[in-house]
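K.L.:
Dropping a structure here in structure tokens format, bear with me for questions.
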Amino acid sequence: MLRSMYSGISGLRNFQTKLDVIGNNIANVNTYGFKKGRVTFKDAMNQTMAGATAAQGNMGGKNPMQVGLGASIGSIDTITTQGSLQTTGRSLDLAINGDGYFVVSQGESNFYTRAGNFYLDDEGTLVTQDGYKVQSYNNGILEDIVVNVNAAVPARETTEITLAGNLPDDAVGNKSITQQIKVVDENGEAHTLDVEIYKSITDADEWEVEFINNNDGGNGVIVEIDFTDNSLTLSTGDMSGIGIDVSGPITLDLEGLTNESGSITAMATADGNSAGALESFNIGGLGEINGVYSNGLVLQLGQLALSKFSNPSGLEKAGNNLLRETVNSGRPSNGVPGEGFGTIASSSLEMSNVDLSEEFTEMIVAQRGFQANTRIITTSDEILQELVNLKR
């Protein structure tokens, strides 16, 4: 049988596989997070008619004579380039801008995906469209992400007021800064204090901070801060006179204060909070899941986990927009967005990286290659027919 016929058959098989991959790419042109495939070919074994010979005496060397026996599939690659991001306006739609994969689990098995269309189930667990649980990263441990919509934080009374920033040594004038802070008493009730910071009239090295409780008839306390000899000293002031019922003393933390030339940047903050219930949550660019409570608190509920691999093209497609680890992908390196990984684009989804113009061009190439190989088979058949017709 003619070798050319079997070469043509191998070409038909190869181009059929190429068309299969192209068809799959086009079918997934609108699949979020999909990564297109690519087929490469390689020549098959060659039949050696004569080997190479070296130069001898007055005769030069001769090259080998070989007849190729067709082609075979070299590889079917997954092209992991970034797809375009599409804004959806839905807070649970997430896209990775850069390297990494979302980690989702089913029991003890972990899978990886670039499709970030997530949902909350009846228990508040963040899941994929097929129910796989999205994982967070906490001190090297992967955990399920659970958002309790009925979550609440208890009241916590104020125990410390912090004053941090710069009080310049070259400031002139009297009253400089007026701001407000909220403090919470032992019953969980919030009070607003006016904080006035001004340069002392009598001592160039001193500043005075006045805490005024307008709900207590404008009563308050004045604290004097002395920067003599580049050392900070709390001269006077008893925070117990602030007119708020607390179970213990309210301390004043001044460790963050500086006394350098420039502008006034000192700001006062207080710990403690009133009771509050979870009102909403959002996901930031570093994967942090922030819960917004009715008392104004914003607390982190968790942080999304991302994984990356030494050879992401070595991951195996498992269906449902999922990938699984293989022996050639390398072990997953887990972390959080922004630390050697991509960042999170909230309210967005990563589109497929399939380029239709490229796929249709490759389809034409594959079609013509397929047709050319059929011509090899028909021509070989005609030659065989001539051989058969020799005996009539």
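FYI, nothing fancy with the structure tokens labels: chains A, B, ... in order, residues from 1 per chain, ligands from 1 as they appear.
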Name the residues of region 268-363 of chain A that come out as strand (DSSP E) in a backbone DSSP run; write them as a count of residues only.
P.N.:
43
K.L.:
Fewer than 5 positions away in the same chain doesn't count, so skip those; otherwise give me all residues within 10 Å of region 273-284 of chain A, counting only C-alpha atoms, as an MDAnalysis selection string.
P.N.:
chainID A and resid 91:94 147:158 182:185 187:191 289:304 337 343:347
K.L.:
In Å, with one decimal, what is the gap from CA of Met267 (chain A) to CA of Asp216 (chain A)?
P.N.:
22.8 Å
K.L.:
According to DSSP computed on the backbone, where in region 228-370 of chain A is there helix (DSSP H, G or I)? Give the residues as number ranges by chain.
P.N.:
A: 228-230, 239-242, 312-314, 356-370
K.L.:
What's around Asp144 (chain A) at 8 Å? Count only C-alpha atoms, leave out sequence neighbours fewer than 2 positions away in its own chain, and write the answer as a PyMOL selection string.
P.N.:
chain A and resi 125-126+133-136+142+146
K.L.:
Do a neighbour search on Ala50 (chain A) at 10 Å with only C-alpha atoms, toss out local chain neighbours closer than 3 positions, and write the hits as a PDB file with N, CA and C atoms, in the first residue's frame.
P.N.:
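Everything below was put into around-v2.pdb:
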ATOM      1  N   GLN A  47      10.906   6.785   7.506  1.00  0.00           N
ATOM      2  CA  GLN A  47      11.526   5.543   7.048  1.00  0.00           C
ATOM      3  C   GLN A  47      12.840   5.895   6.341  1.00  0.00           C
ATOM      4  N   THR A  53      26.571   9.024   4.929  1.00  0.00           N
ATOM      5  CA  THR A  53      27.950   8.510   4.842  1.00  0.00           C
ATOM      6  C   THR A  53      28.917   9.675   4.939  1.00  0.00           C
ATOM      7  N   LYS A  62      27.543  11.800   1.953  1.00  0.00           N
ATOM      8  CA  LYS A  62      26.174  11.783   1.428  1.00  0.00           C
ATOM      9  C   LYS A  62      25.190  11.936   2.585  1.00  0.00           C
ATOM     10  N   ASN A  63      24.159  12.678   2.328  1.00  0.00           N
ATOM     11  CA  ASN A  63      23.104  12.881   3.326  1.00  0.00           C
ATOM     12  C   ASN A  63      22.191  11.666   3.393  1.00  0.00           C
ATOM     13  N   PRO A  64      21.512  11.488   4.510  1.00  0.00           N
ATOM     14  CA  PRO A  64      20.578  10.357   4.590  1.00  0.00           C
ATOM     15  C   PRO A  64      19.374  10.583   3.681  1.00  0.00           C
ATOM     16  N   MET A  65      18.781   9.477   3.268  1.00  0.00           N
ATOM     17  CA  MET A  65      17.543   9.533   2.475  1.00  0.00           C
ATOM     18  C   MET A  65      16.418   8.945   3.320  1.00  0.00           C
ATOM     19  N   GLN A  66      15.400   9.782   3.578  1.00  0.00           N
ATOM     20  CA  GLN A  66      14.296   9.356   4.427  1.00  0.00           C
ATOM     21  C   GLN A  66      12.968   9.768   3.807  1.00  0.00           C
TER      22      GLN A  66
END
K.L.:
Taking 6 positions as the minimum chain separation for residues in the same chain, which residues sit within 8 Å of region 306-314 of chain A when counting only C-alpha atoms? Answer as a list in words.
P.N.:
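Selected residues are Asp77, Thr78, Ile79, Thr80, Asp99, Gly100, Tyr101, Phe102, Val103, Tyr112, Tyr137, Glu325, Thr326, Asn328, Ser329, Gly330, Arg331, Pro332, Ser333, Asn334, Gly335, Val336, Pro337 and Phe341 of chain A.
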K.L.:
Could the residues in this selection be saved with C-alpha atoms as a short mmCIF file (atom, residue, chain, number, x, y, z; two decimals), in the first residue's frame?
P.N.:
data_model
loop_
_atom_site.label_atom_id
_atom_site.label_comp_id
_atom_site.auth_asym_id
_atom_site.auth_seq_id
_atom_site.Cartn_x
_atom_site.Cartn_y
_atom_site.Cartn_z
CA ASP A 77 -2.12 23.88 24.68
CA THR A 78 -4.22 26.02 26.99
CA ILE A 79 -3.50 29.69 26.34
CA THR A 80 -3.70 31.42 29.74
CA ASP A 99 -2.02 36.22 37.92
CA GLY A 100 -3.84 33.69 40.05
CA TYR A 101 -6.94 31.55 40.32
CA PHE A 102 -9.86 31.54 42.73
CA VAL A 103 -9.80 28.47 44.99
CA TYR A 112 -9.31 26.46 40.57
CA TYR A 137 -6.93 32.57 53.16
CA GLU A 325 -3.92 20.28 39.68
CA THR A 326 -1.78 17.78 37.74
CA ASN A 328 3.04 18.86 35.60
CA SER A 329 1.28 21.99 36.84
CA GLY A 330 3.30 22.19 40.04
CA ARG A 331 1.92 22.53 43.53
CA PRO A 332 -0.40 25.49 44.21
CA SER A 333 1.09 28.52 45.92
CA ASN A 334 -1.70 30.04 48.02
CA GLY A 335 -1.94 33.64 49.13
CA VAL A 336 -4.06 36.77 49.01
CA PRO A 337 -4.54 39.29 46.20
CA PHE A 341 -0.86 37.78 42.89
#
K.L.:
Tell me which of A:Asn30, A:Thr258, A:Thr374, A:Thr228 sits closest to Ile9 (chain A), counting only C-alpha atoms.
P.N.:
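The closest residue to Ile9 (chain A) is A:Thr374.
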K.L.:
Which residues come within 8 Å of region 161-173 of chain A, counting only C-alpha atoms, excluding same-chain residues fewer than 5 positions away, as a list in words?
P.N.:
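So the residues in contact are Lys199, Asp205, Trp207, Ile250, Thr251, Leu252, Asp253, Leu254, Glu255, Gly256, Leu257, Thr258, Asn259, Glu260, Ser261, Gly262, Ser263, Ile264, Thr265, Ala266, Met267, Ala268, Thr269, Ala270 and Asp271 of chain A.
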K.L.:
Put those residues in a file: N, CA and C atoms, as an mmCIF file, in the first residue's frame.
P.N.:
data_model
loop_
_atom_site.group_PDB
_atom_site.id
_atom_site.type_symbol
_atom_site.label_atom_id
_atom_site.label_comp_id
_atom_site.auth_asym_id
_atom_site.auth_seq_id
_atom_site.Cartn_x
_atom_site.Cartn_y
_atom_site.Cartn_z
ATOM 1 N N LYS A 199 -2.279 76.069 70.482
ATOM 2 C CA LYS A 199 -0.976 76.365 71.070
ATOM 3 C C LYS A 199 -1.176 77.125 72.380
ATOM 4 N N ASP A 205 6.418 75.877 74.297
ATOM 5 C CA ASP A 205 6.651 74.442 74.105
ATOM 6 C C ASP A 205 5.409 73.602 74.405
ATOM 7 N N TRP A 207 1.227 72.563 74.082
ATOM 8 C CA TRP A 207 -0.039 72.583 73.363
ATOM 9 C C TRP A 207 -1.127 72.172 74.351
ATOM 10 N N ILE A 250 -10.399 56.377 81.343
ATOM 11 C CA ILE A 250 -10.114 56.585 79.923
ATOM 12 C C ILE A 250 -8.697 57.141 79.814
ATOM 13 N N THR A 251 -7.816 56.382 79.171
ATOM 14 C CA THR A 251 -6.431 56.817 79.050
ATOM 15 C C THR A 251 -6.237 57.596 77.756
ATOM 16 N N LEU A 252 -5.196 58.420 77.750
ATOM 17 C CA LEU A 252 -4.872 59.227 76.576
ATOM 18 C C LEU A 252 -3.529 58.757 76.018
ATOM 19 N N ASP A 253 -3.543 58.253 74.802
ATOM 20 C CA ASP A 253 -2.340 57.724 74.146
ATOM 21 C C ASP A 253 -1.741 58.811 73.257
ATOM 22 N N LEU A 254 -0.496 59.207 73.549
ATOM 23 C CA LEU A 254 0.172 60.269 72.795
ATOM 24 C C LEU A 254 1.399 59.776 72.035
ATOM 25 N N GLU A 255 1.574 58.462 71.924
ATOM 26 C CA GLU A 255 2.796 57.928 71.317
ATOM 27 C C GLU A 255 2.958 58.313 69.855
ATOM 28 N N GLY A 256 1.856 58.597 69.202
ATOM 29 C CA GLY A 256 1.942 58.941 67.775
ATOM 30 C C GLY A 256 2.124 60.416 67.509
ATOM 31 N N LEU A 257 2.374 61.232 68.531
ATOM 32 C CA LEU A 257 2.536 62.669 68.336
ATOM 33 C C LEU A 257 3.980 63.016 67.978
ATOM 34 N N THR A 258 4.139 64.002 67.103
ATOM 35 C CA THR A 258 5.455 64.541 66.766
ATOM 36 C C THR A 258 5.436 66.055 66.925
ATOM 37 N N ASN A 259 6.615 66.662 67.047
ATOM 38 C CA ASN A 259 6.750 68.108 67.246
ATOM 39 C C ASN A 259 7.783 68.645 66.268
ATOM 40 N N GLU A 260 7.405 68.612 64.980
ATOM 41 C CA GLU A 260 8.304 69.024 63.914
ATOM 42 C C GLU A 260 7.705 70.204 63.169
ATOM 43 N N SER A 261 8.560 70.933 62.471
ATOM 44 C CA SER A 261 8.060 72.065 61.691
ATOM 45 C C SER A 261 7.188 71.569 60.547
ATOM 46 N N GLY A 262 6.238 72.400 60.172
ATOM 47 C CA GLY A 262 5.326 72.019 59.099
ATOM 48 C C GLY A 262 3.897 72.334 59.468
ATOM 49 N N SER A 263 2.979 71.551 58.931
ATOM 50 C CA SER A 263 1.555 71.785 59.155
ATOM 51 C C SER A 263 1.049 70.982 60.353
ATOM 52 N N ILE A 264 -0.147 71.356 60.812
ATOM 53 C CA ILE A 264 -0.793 70.665 61.926
ATOM 54 C C ILE A 264 -1.596 69.489 61.371
ATOM 55 N N THR A 265 -1.237 68.304 61.769
ATOM 56 C CA THR A 265 -1.940 67.100 61.273
ATOM 57 C C THR A 265 -2.494 66.245 62.396
ATOM 58 N N ALA A 266 -2.383 66.714 63.634
ATOM 59 C CA ALA A 266 -2.823 65.901 64.773
ATOM 60 C C ALA A 266 -4.317 65.653 64.708
ATOM 61 N N MET A 267 -4.716 64.408 64.955
ATOM 62 C CA MET A 267 -6.118 64.004 64.955
ATOM 63 C C MET A 267 -6.371 63.103 66.151
ATOM 64 N N ALA A 268 -7.563 63.228 66.718
ATOM 65 C CA ALA A 268 -7.955 62.395 67.854
ATOM 66 C C ALA A 268 -8.918 61.310 67.402
ATOM 67 N N THR A 269 -8.740 60.103 67.938
ATOM 68 C CA THR A 269 -9.653 58.988 67.692
ATOM 69 C C THR A 269 -9.898 58.279 69.016
ATOM 70 N N ALA A 270 -11.029 57.600 69.103
ATOM 71 C CA ALA A 270 -11.385 56.881 70.336
ATOM 72 C C ALA A 270 -11.790 55.464 69.994
ATOM 73 N N ASP A 271 -11.430 54.529 70.889
ATOM 74 C CA ASP A 271 -11.885 53.156 70.683
ATOM 75 C C ASP A 271 -13.311 53.023 71.227
#
K.L.:
In Å, how far is it from CA of Asn214 (chain A) to CA of Gly248 (chain A)?
P.N.:
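Answer for the CA of Asn214 (chain A) to CA of Gly248 (chain A) separation: 21.6 Å.
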K.L.:
Pick the closest to Leu315 (chain A) from A:Thr88, A:Ser75, A:Thr48, A:Thr113: which is it, counting only C-alpha atoms?
P.N.:
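Ranked by minimum distance to Leu315 (chain A), first place goes to A:Thr113.
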K.L.:
Measuring between only C-alpha atoms, which one of A:Val21, A:Leu193, A:Ala372, A:Val127 shows the shortest distance to Ile244 (chain A)?
P.N.:
A:Leu193
